[in-house]
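Participant: Pasting in a structure now, in structure tokens, and then I'll have a few things to ask.
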Amino acid sequence: MYRTITCGELTKKNIDETVTLSGWVQIARNLGGMTFIDLRDRYGITQLAFNLDWDKALCEEARKIGREWVIQIEGAVIERESKNPEMITGDIEVKVSKLTILNQSITPPFPINTDTDVNEELRMKYRYLDLRNNTLRQKLELRHRISIAIRSYLNNLNFIEVETPVLIKSTPEGARDFVIPSRINQGQFYALPQSPQIFKQLLMVGGFDKYFQIVKCFRDEDLRADRQPEFTQIDCEMSFVEQQDVLQTFEGMIRNIFKYTLNVDFPNFPKMTYADAMKYYGNDKPDTRFDMKFVELKNPLSDTSTLYKSSLQPFSVFEQAESVIGICATGAAHYTRKQLDELTEFVKQPKLGASGLVYFRYAEDGTIKSSVDKFFSEADLKNWSQAFNSKPGDLILILAGPKEKTQKALSELRLEMGSKLGLRKKNVFAPLWIVDFPLLEWNEGDTNLLASLAGRWHSKHHPFTSPLMSDVQLLKSNPAEVRANAYDMVINGVEVGGGSIRIHDKILQNQIFETLGFTKEETQNQFGFLLNAFEYGAPPHGGIAFGFDRLCSLIGGVDSIRDFIAFPKNNMGRDMMMDSPSNISEEQLNELKIKLSN
RNA sequence: GGUUUGGUAGCUCAGCUGGUUAGAGCGCCGCCCUGUCACGGCGGAGGUCGCGGGUUCGAAUCCCGUCCAGACCGCCA
């Protein structure tokens, strides 16, 4: 037997027991007459003691052992002469009577379980060593606990987990597909699923009224800290449900996960419309850990306000702007000129592209000082400060320009200010639902999108998303105004999940395809099997999918999802450890009848 | 495809405006050390300064190109 107990559990109450332990050598401390070895496994560290006086040969044997060797020992648990209160096992040590070297190790390229930062590239290349680190192990353990919480919650509600195929058919909607050549069907390709969307709807037709799956999905798009080409979704679908049923069920699931992993309780999740999210946060996934809502001084649509008007001399920047909006940074009036210049640089960076930043300080003494004193009187500024509901000590930041661009820039500025003011704490969670998304989006011809998709409507989700029944009559007259019966769950500015009630009515479905500009042929070719299935009595249904990796990283308080994936890919979609993707042999190419062009 | 930061010893990094033999801490190797737990002491080895070209009497340092990595934009639910 390799072990009778693990390295993390021996305490005072085990004294005098004889135990067998196996594990890795974290470090050996050689003091001359005696040697201590910290033995590590998944569960913890136990100190092993060797002494020349106890057993000379054994002690000398122990001196030869290096870091990360795998050893097995047998010995008696004894009380330590000098204890270590920092360790769970710090009161005891094992007086080794038998030592077996199970395997040696060459010196690892980086230390395990020390505080030194190691380059991610190196950690990726030696992922199996990095996995020995506590931090990475704890993250994967958290992931496991979350998956247990999900399965148990859904199982209790009668959901069943069904596996769906991975080799499926390419459909042009959404992201790029990963494709797999077929050897038996020359010249044809499978696609890897971007999500099991169609299968879960077919399962509804098949009568599995509550389905879920924790499942790998694939998208051939560029990577980010929170985006991998293969990632895991918690994919769910239910029959005979309305939006409220889905929201309630999965709000419950998230509540359950947070209770189980972090012992955090949530009140009911607020619901916010997409329109409000854009109006108040400039963003469809607002971070609501802090307030700092947008205030409109000028709005192209509802322009009853004249707040942007100057009483001294016209301020052309505001006069000419489509939109003038600002935020109130509570308690930031003490910002220095230098700090404000930095904020100006922040909004001017190319990706945000604002042309400048207007600010005014509402000082503690009640005076108001702005960057546009030439144009606006004290009375103007007082009006503003009322509109912003600001108090002495606050800083108001205002952007002007084209509506969408300005919204986006102010949204980023809001998040930046939230971070600077310490309002985005990792251990505070603000979940909410965003509802009533637009159903359709107009594709401009000038984007670098597929030419075939330009100059027509496309669905913001997928083409089976139901419109709100109240908006159906707008499909012909004003497609842009049609809202979807769709919902996203957002926590701390992270979109953790999204879904919709699906269309189960053939007439409505055809109407949508028509609006999207699909011909009957295209529809039949791409989605025929689903539409055929719908001819045989599709129940009303809807569902949701959560980004499992993102949910884990959110709960773990980390921005990158990579450490919650045992073997992730790098920025370029490469696996640094096995060095994939890689070339394949001539024979393999020939079998597939594939020729590479240059 | 774009923007940006970086690449110097096994690891983390310093090396300013060009100037003898490129440094530190950790790790590694050797010797010493009987209560350490970031053990300690003494000594030692270890470098194509990512790669290629250019400027210069002289390049880790300046310029051009290129490769690699990270973050972000485009893209992506």
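Residue numbering restarts at 1 in every chain; chains get A, B, ... in the order shown in the structure tokens, and ligands count up from 1 in that same order.
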Hey, what's within 9 Å of stretch 308-316 of chain A if we count only C-alpha atoms (C1' of nucleotides) and toss same-chain stuff fewer than 5 positions away? As a list in words, please?
Facilitator: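 Returned residues: Leu297, Lys298, Ala321, Val324, Val372, Lys374, Phe375, Phe376, Ser377, Ala379, Asp380 and Trp384 of chain A.
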Participant: Could you save the residues just selected, with all heavy atoms, as a short mmCIF file (atom, residue, chain, number, x, y, z; two decimals), in the first residue's frame?
Facilitator:
```cif
data_model
loop_
_atom_site.label_atom_id
_atom_site.label_comp_id
_atom_site.auth_asym_id
_atom_site.auth_seq_id
_atom_site.Cartn_x
_atom_site.Cartn_y
_atom_site.Cartn_z
N LEU A 297 -27.33 65.39 -20.85
CA LEU A 297 -27.51 66.83 -20.95
C LEU A 297 -28.12 67.17 -22.30
O LEU A 297 -28.68 68.23 -22.51
CB LEU A 297 -26.18 67.56 -20.79
CG LEU A 297 -25.46 67.33 -19.46
CD1 LEU A 297 -24.17 68.13 -19.42
CD2 LEU A 297 -26.33 67.67 -18.29
N LYS A 298 -27.95 66.22 -23.23
CA LYS A 298 -28.52 66.42 -24.56
C LYS A 298 -28.72 65.06 -25.19
O LYS A 298 -27.82 64.22 -25.18
CB LYS A 298 -27.55 67.23 -25.43
CG LYS A 298 -28.05 67.50 -26.84
CD LYS A 298 -27.00 68.27 -27.63
CE LYS A 298 -27.53 68.73 -28.96
NZ LYS A 298 -26.51 69.49 -29.71
N ALA A 321 -22.71 68.45 -30.95
CA ALA A 321 -22.70 67.02 -30.62
C ALA A 321 -24.09 66.42 -30.74
O ALA A 321 -25.08 67.09 -30.49
CB ALA A 321 -22.17 66.82 -29.21
N VAL A 324 -24.74 64.54 -25.44
CA VAL A 324 -23.88 65.04 -24.36
C VAL A 324 -24.28 64.31 -23.09
O VAL A 324 -25.41 64.46 -22.62
CB VAL A 324 -24.04 66.57 -24.17
CG1 VAL A 324 -23.12 67.03 -23.03
CG2 VAL A 324 -23.71 67.30 -25.45
N VAL A 372 -14.71 74.50 -18.48
CA VAL A 372 -15.38 75.30 -19.52
C VAL A 372 -15.96 76.58 -18.92
O VAL A 372 -17.04 77.02 -19.32
CB VAL A 372 -16.49 74.48 -20.21
CG1 VAL A 372 -15.88 73.47 -21.18
CG2 VAL A 372 -17.37 73.75 -19.20
N LYS A 374 -15.24 79.51 -19.36
CA LYS A 374 -15.40 80.57 -20.36
C LYS A 374 -16.82 80.59 -20.94
O LYS A 374 -17.32 81.61 -21.34
CB LYS A 374 -14.42 80.33 -21.52
CG LYS A 374 -13.31 81.36 -21.61
CD LYS A 374 -12.67 81.37 -22.99
CE LYS A 374 -12.05 80.03 -23.34
NZ LYS A 374 -11.26 80.09 -24.57
N PHE A 375 -17.43 79.40 -21.00
CA PHE A 375 -18.71 79.26 -21.69
C PHE A 375 -19.90 79.22 -20.76
O PHE A 375 -21.00 79.61 -21.13
CB PHE A 375 -18.71 78.00 -22.54
CG PHE A 375 -17.56 77.94 -23.51
CD1 PHE A 375 -16.39 77.24 -23.21
CD2 PHE A 375 -17.66 78.60 -24.73
CE1 PHE A 375 -15.35 77.20 -24.11
CE2 PHE A 375 -16.61 78.57 -25.63
CZ PHE A 375 -15.44 77.87 -25.31
N PHE A 376 -19.66 78.68 -19.57
CA PHE A 376 -20.81 78.43 -18.70
C PHE A 376 -20.72 79.25 -17.41
O PHE A 376 -19.67 79.30 -16.77
CB PHE A 376 -20.92 76.95 -18.37
CG PHE A 376 -21.22 76.11 -19.58
CD1 PHE A 376 -20.20 75.50 -20.29
CD2 PHE A 376 -22.53 75.95 -20.02
CE1 PHE A 376 -20.46 74.74 -21.42
CE2 PHE A 376 -22.80 75.18 -21.14
CZ PHE A 376 -21.77 74.58 -21.85
N SER A 377 -21.82 79.85 -17.07
CA SER A 377 -21.88 80.64 -15.84
C SER A 377 -22.03 79.71 -14.65
O SER A 377 -22.32 78.52 -14.79
CB SER A 377 -23.08 81.58 -15.88
OG SER A 377 -24.27 80.80 -15.83
N ALA A 379 -24.40 79.69 -12.68
CA ALA A 379 -25.79 79.22 -12.64
C ALA A 379 -25.96 77.99 -13.54
O ALA A 379 -26.64 77.02 -13.17
CB ALA A 379 -26.73 80.33 -13.09
N ASP A 380 -25.33 78.01 -14.72
CA ASP A 380 -25.37 76.85 -15.61
C ASP A 380 -24.86 75.61 -14.87
O ASP A 380 -25.48 74.55 -14.89
CB ASP A 380 -24.46 77.06 -16.83
CG ASP A 380 -24.99 78.15 -17.76
OD1 ASP A 380 -26.22 78.38 -17.75
OD2 ASP A 380 -24.18 78.76 -18.47
N TRP A 384 -26.41 71.95 -13.77
CA TRP A 384 -25.82 70.64 -14.07
C TRP A 384 -25.73 69.82 -12.79
O TRP A 384 -26.11 68.68 -12.74
CB TRP A 384 -24.40 70.81 -14.63
CG TRP A 384 -24.34 71.29 -16.03
CD1 TRP A 384 -25.39 71.68 -16.80
CD2 TRP A 384 -23.15 71.43 -16.80
NE1 TRP A 384 -24.92 72.07 -18.03
CE2 TRP A 384 -23.56 71.92 -18.06
CE3 TRP A 384 -21.81 71.20 -16.57
CZ2 TRP A 384 -22.64 72.18 -19.08
CZ3 TRP A 384 -20.90 71.45 -17.57
CH2 TRP A 384 -21.31 71.94 -18.82
#
```
Participant: Which chain A residues have any atom within 7 Å of an atom of chain B, and for each, what is the nearest pair of atoms with distance in Å to one decimal, counting only C-alpha atoms (C1' of nucleotides), rows sorted by chain and number, as CSV?
Facilitator:
```
residue,atom,partner,partner_atom,distance
A:Arg29,CA,B:U36,C1',6.6
A:Leu31,CA,B:C33,C1',5.8
A:Gly32,CA,B:C33,C1',5.1
A:Gly33,CA,B:U34,C1',4.4
A:Met34,CA,B:U34,C1',5.4
A:Phe36,CA,B:U36,C1',6.9
A:Glu81,CA,B:G35,C1',6.6
A:Ser82,CA,B:G35,C1',6.2
A:Pro109,CA,B:G10,C1',5.6
A:Phe110,CA,B:C11,C1',5.6
A:Thr116,CA,B:U12,C1',6.7
A:Asp117,CA,B:U12,C1',6.8
A:Glu121,CA,B:A69,C1',6.8
A:Ala175,CA,B:C76,C1',6.1
A:Glu221,CA,B:C76,C1',6.1
A:Asp222,CA,B:C75,C1',6.9
A:Lys351,CA,B:C73,C1',5.9
```
Participant: Could you save the residues just selected, with N, CA, C and O atoms, as a PDB file, in the first residue's frame?
Facilitator:
```
ATOM      1  N   ARG A  29      15.368  20.372   3.823  1.00  0.00           N
ATOM      2  CA  ARG A  29      16.221  21.283   4.600  1.00  0.00           C
ATOM      3  C   ARG A  29      17.222  20.441   5.359  1.00  0.00           C
ATOM      4  O   ARG A  29      16.862  19.668   6.245  1.00  0.00           O
ATOM      5  N   LEU A  31      20.219  20.205   7.833  1.00  0.00           N
ATOM      6  CA  LEU A  31      20.861  20.976   8.894  1.00  0.00           C
ATOM      7  C   LEU A  31      22.150  20.330   9.395  1.00  0.00           C
ATOM      8  O   LEU A  31      22.653  20.688  10.460  1.00  0.00           O
ATOM      9  N   GLY A  32      22.665  19.408   8.662  1.00  0.00           N
ATOM     10  CA  GLY A  32      23.871  18.729   9.108  1.00  0.00           C
ATOM     11  C   GLY A  32      23.513  17.425   9.784  1.00  0.00           C
ATOM     12  O   GLY A  32      23.414  16.394   9.129  1.00  0.00           O
ATOM     13  N   GLY A  33      23.260  17.490  11.065  1.00  0.00           N
ATOM     14  CA  GLY A  33      22.919  16.274  11.799  1.00  0.00           C
ATOM     15  C   GLY A  33      21.522  15.777  11.509  1.00  0.00           C
ATOM     16  O   GLY A  33      21.221  14.610  11.707  1.00  0.00           O
ATOM     17  N   MET A  34      20.680  16.685  11.078  1.00  0.00           N
ATOM     18  CA  MET A  34      19.318  16.251  10.788  1.00  0.00           C
ATOM     19  C   MET A  34      18.821  16.868   9.495  1.00  0.00           C
ATOM     20  O   MET A  34      19.316  17.890   9.018  1.00  0.00           O
ATOM     21  N   PHE A  36      15.129  17.769   7.307  1.00  0.00           N
ATOM     22  CA  PHE A  36      13.670  17.826   7.240  1.00  0.00           C
ATOM     23  C   PHE A  36      13.246  17.833   5.789  1.00  0.00           C
ATOM     24  O   PHE A  36      13.837  18.519   4.961  1.00  0.00           O
ATOM     25  N   GLU A  81       9.330  19.270  18.166  1.00  0.00           N
ATOM     26  CA  GLU A  81      10.026  19.990  19.228  1.00  0.00           C
ATOM     27  C   GLU A  81       9.788  21.495  19.061  1.00  0.00           C
ATOM     28  O   GLU A  81       9.581  22.216  20.022  1.00  0.00           O
ATOM     29  N   SER A  82       9.850  21.981  17.808  1.00  0.00           N
ATOM     30  CA  SER A  82       9.476  23.382  17.555  1.00  0.00           C
ATOM     31  C   SER A  82       8.347  23.373  16.531  1.00  0.00           C
ATOM     32  O   SER A  82       8.524  22.923  15.397  1.00  0.00           O
ATOM     33  N   PRO A 109      11.761  23.672 -14.058  1.00  0.00           N
ATOM     34  CA  PRO A 109      12.153  24.966 -14.617  1.00  0.00           C
ATOM     35  C   PRO A 109      11.650  26.150 -13.788  1.00  0.00           C
ATOM     36  O   PRO A 109      12.141  27.256 -13.961  1.00  0.00           O
ATOM     37  N   PHE A 110      10.677  25.926 -12.950  1.00  0.00           N
ATOM     38  CA  PHE A 110      10.245  26.999 -12.054  1.00  0.00           C
ATOM     39  C   PHE A 110       9.828  26.362 -10.739  1.00  0.00           C
ATOM     40  O   PHE A 110       9.472  25.191 -10.691  1.00  0.00           O
ATOM     41  N   THR A 116       6.926  33.631  -6.266  1.00  0.00           N
ATOM     42  CA  THR A 116       7.482  34.271  -7.457  1.00  0.00           C
ATOM     43  C   THR A 116       6.543  34.129  -8.654  1.00  0.00           C
ATOM     44  O   THR A 116       6.000  33.062  -8.911  1.00  0.00           O
ATOM     45  N   ASP A 117       6.373  35.211  -9.345  1.00  0.00           N
ATOM     46  CA  ASP A 117       5.597  35.194 -10.581  1.00  0.00           C
ATOM     47  C   ASP A 117       6.384  34.473 -11.641  1.00  0.00           C
ATOM     48  O   ASP A 117       7.561  34.738 -11.815  1.00  0.00           O
ATOM     49  N   GLU A 121       3.813  31.851 -20.340  1.00  0.00           N
ATOM     50  CA  GLU A 121       4.245  30.963 -21.419  1.00  0.00           C
ATOM     51  C   GLU A 121       4.919  29.711 -20.865  1.00  0.00           C
ATOM     52  O   GLU A 121       4.674  28.594 -21.297  1.00  0.00           O
ATOM     53  N   ALA A 175     -20.523  32.833 -34.982  1.00  0.00           N
ATOM     54  CA  ALA A 175     -19.072  32.819 -35.109  1.00  0.00           C
ATOM     55  C   ALA A 175     -18.619  31.878 -36.218  1.00  0.00           C
ATOM     56  O   ALA A 175     -19.409  31.142 -36.792  1.00  0.00           O
ATOM     57  N   GLU A 221     -12.670  31.981 -33.345  1.00  0.00           N
ATOM     58  CA  GLU A 221     -12.475  33.426 -33.341  1.00  0.00           C
ATOM     59  C   GLU A 221     -11.241  33.746 -32.510  1.00  0.00           C
ATOM     60  O   GLU A 221     -10.719  32.891 -31.799  1.00  0.00           O
ATOM     61  N   ASP A 222     -10.797  35.011 -32.578  1.00  0.00           N
ATOM     62  CA  ASP A 222      -9.590  35.379 -31.838  1.00  0.00           C
ATOM     63  C   ASP A 222      -9.819  35.306 -30.334  1.00  0.00           C
ATOM     64  O   ASP A 222     -10.921  35.519 -29.852  1.00  0.00           O
ATOM     65  N   LYS A 351      -9.042  53.415 -29.166  1.00  0.00           N
ATOM     66  CA  LYS A 351     -10.171  52.477 -29.125  1.00  0.00           C
ATOM     67  C   LYS A 351     -11.446  53.134 -28.586  1.00  0.00           C
ATOM     68  O   LYS A 351     -12.533  52.642 -28.817  1.00  0.00           O
TER      69      LYS A 351
END
```
Participant: Could you pull the residues within 12 Å of stretch 53-65 of chain B, counting only C-alpha atoms (C1' of nucleotides), minus those fewer than 4 positions along the same chain, as a list in words?
Facilitator: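 Near neighbours after the sequence-gap exclusion: G7, U8, G15, C16, U17, G18, G19, U20, A22, G47, U48 and C49 of chain B.
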Participant: What is the atom CA of A:Asn185 to atom CA of A:Ile594 distance in Å?
Facilitator: 12.2 Å
Participant: List every residue of stretch 14-72 of chain A that DSSP, applied to the backbone, labels as helix (DSSP H, G or I), and write the result as a count of residues only.
Facilitator: 9
Participant: A:Pro539: which residues within 10 Å, counting only C-alpha atoms (C1' of nucleotides), same-chain residues fewer than 2 positions away excluded, as a ChimeraX atom specification?
Facilitator: /A:201,204-207,209,238-241,502-505,534,536-537,541-542
Participant: Go ahead and write the selection's residues with C-alpha atoms as a PDB file, in the first residue's frame.
Facilitator:
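out-v9.pdb written:
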```
ATOM      1  CA  GLN A 201     -34.496  22.257 -29.299  1.00  0.00           C
ATOM      2  CA  MET A 204     -37.717  19.475 -26.599  1.00  0.00           C
ATOM      3  CA  VAL A 205     -39.541  18.114 -29.631  1.00  0.00           C
ATOM      4  CA  GLY A 206     -38.487  14.701 -28.353  1.00  0.00           C
ATOM      5  CA  GLY A 207     -40.286  15.319 -25.091  1.00  0.00           C
ATOM      6  CA  ASP A 209     -38.913  18.818 -21.215  1.00  0.00           C
ATOM      7  CA  MET A 238     -37.150  23.700 -20.881  1.00  0.00           C
ATOM      8  CA  SER A 239     -40.560  23.050 -22.433  1.00  0.00           C
ATOM      9  CA  PHE A 240     -43.893  24.617 -21.501  1.00  0.00           C
ATOM     10  CA  VAL A 241     -42.256  27.676 -20.009  1.00  0.00           C
ATOM     11  CA  ARG A 502     -37.814  30.139 -28.892  1.00  0.00           C
ATOM     12  CA  ILE A 503     -40.216  30.321 -31.754  1.00  0.00           C
ATOM     13  CA  HIS A 504     -42.320  27.146 -32.003  1.00  0.00           C
ATOM     14  CA  ASP A 505     -44.845  28.532 -34.471  1.00  0.00           C
ATOM     15  CA  PHE A 534     -41.244  21.439 -35.727  1.00  0.00           C
ATOM     16  CA  TYR A 536     -44.541  17.251 -35.626  1.00  0.00           C
ATOM     17  CA  GLY A 537     -45.750  19.147 -32.603  1.00  0.00           C
ATOM     18  CA  HIS A 541     -39.906  26.108 -25.133  1.00  0.00           C
ATOM     19  CA  GLY A 542     -37.018  28.299 -24.126  1.00  0.00           C
TER      20      GLY A 542
END
```
Participant: Let me make sure I understand: among A:Asn485, A:Asp38, A:Asp563, A:Gln339, which one has the smallest atom-to-atom distance to A:Thr135 if we use only C-alpha atoms?
Facilitator: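 Under the stated criterion, the closest residue is A:Asp563.
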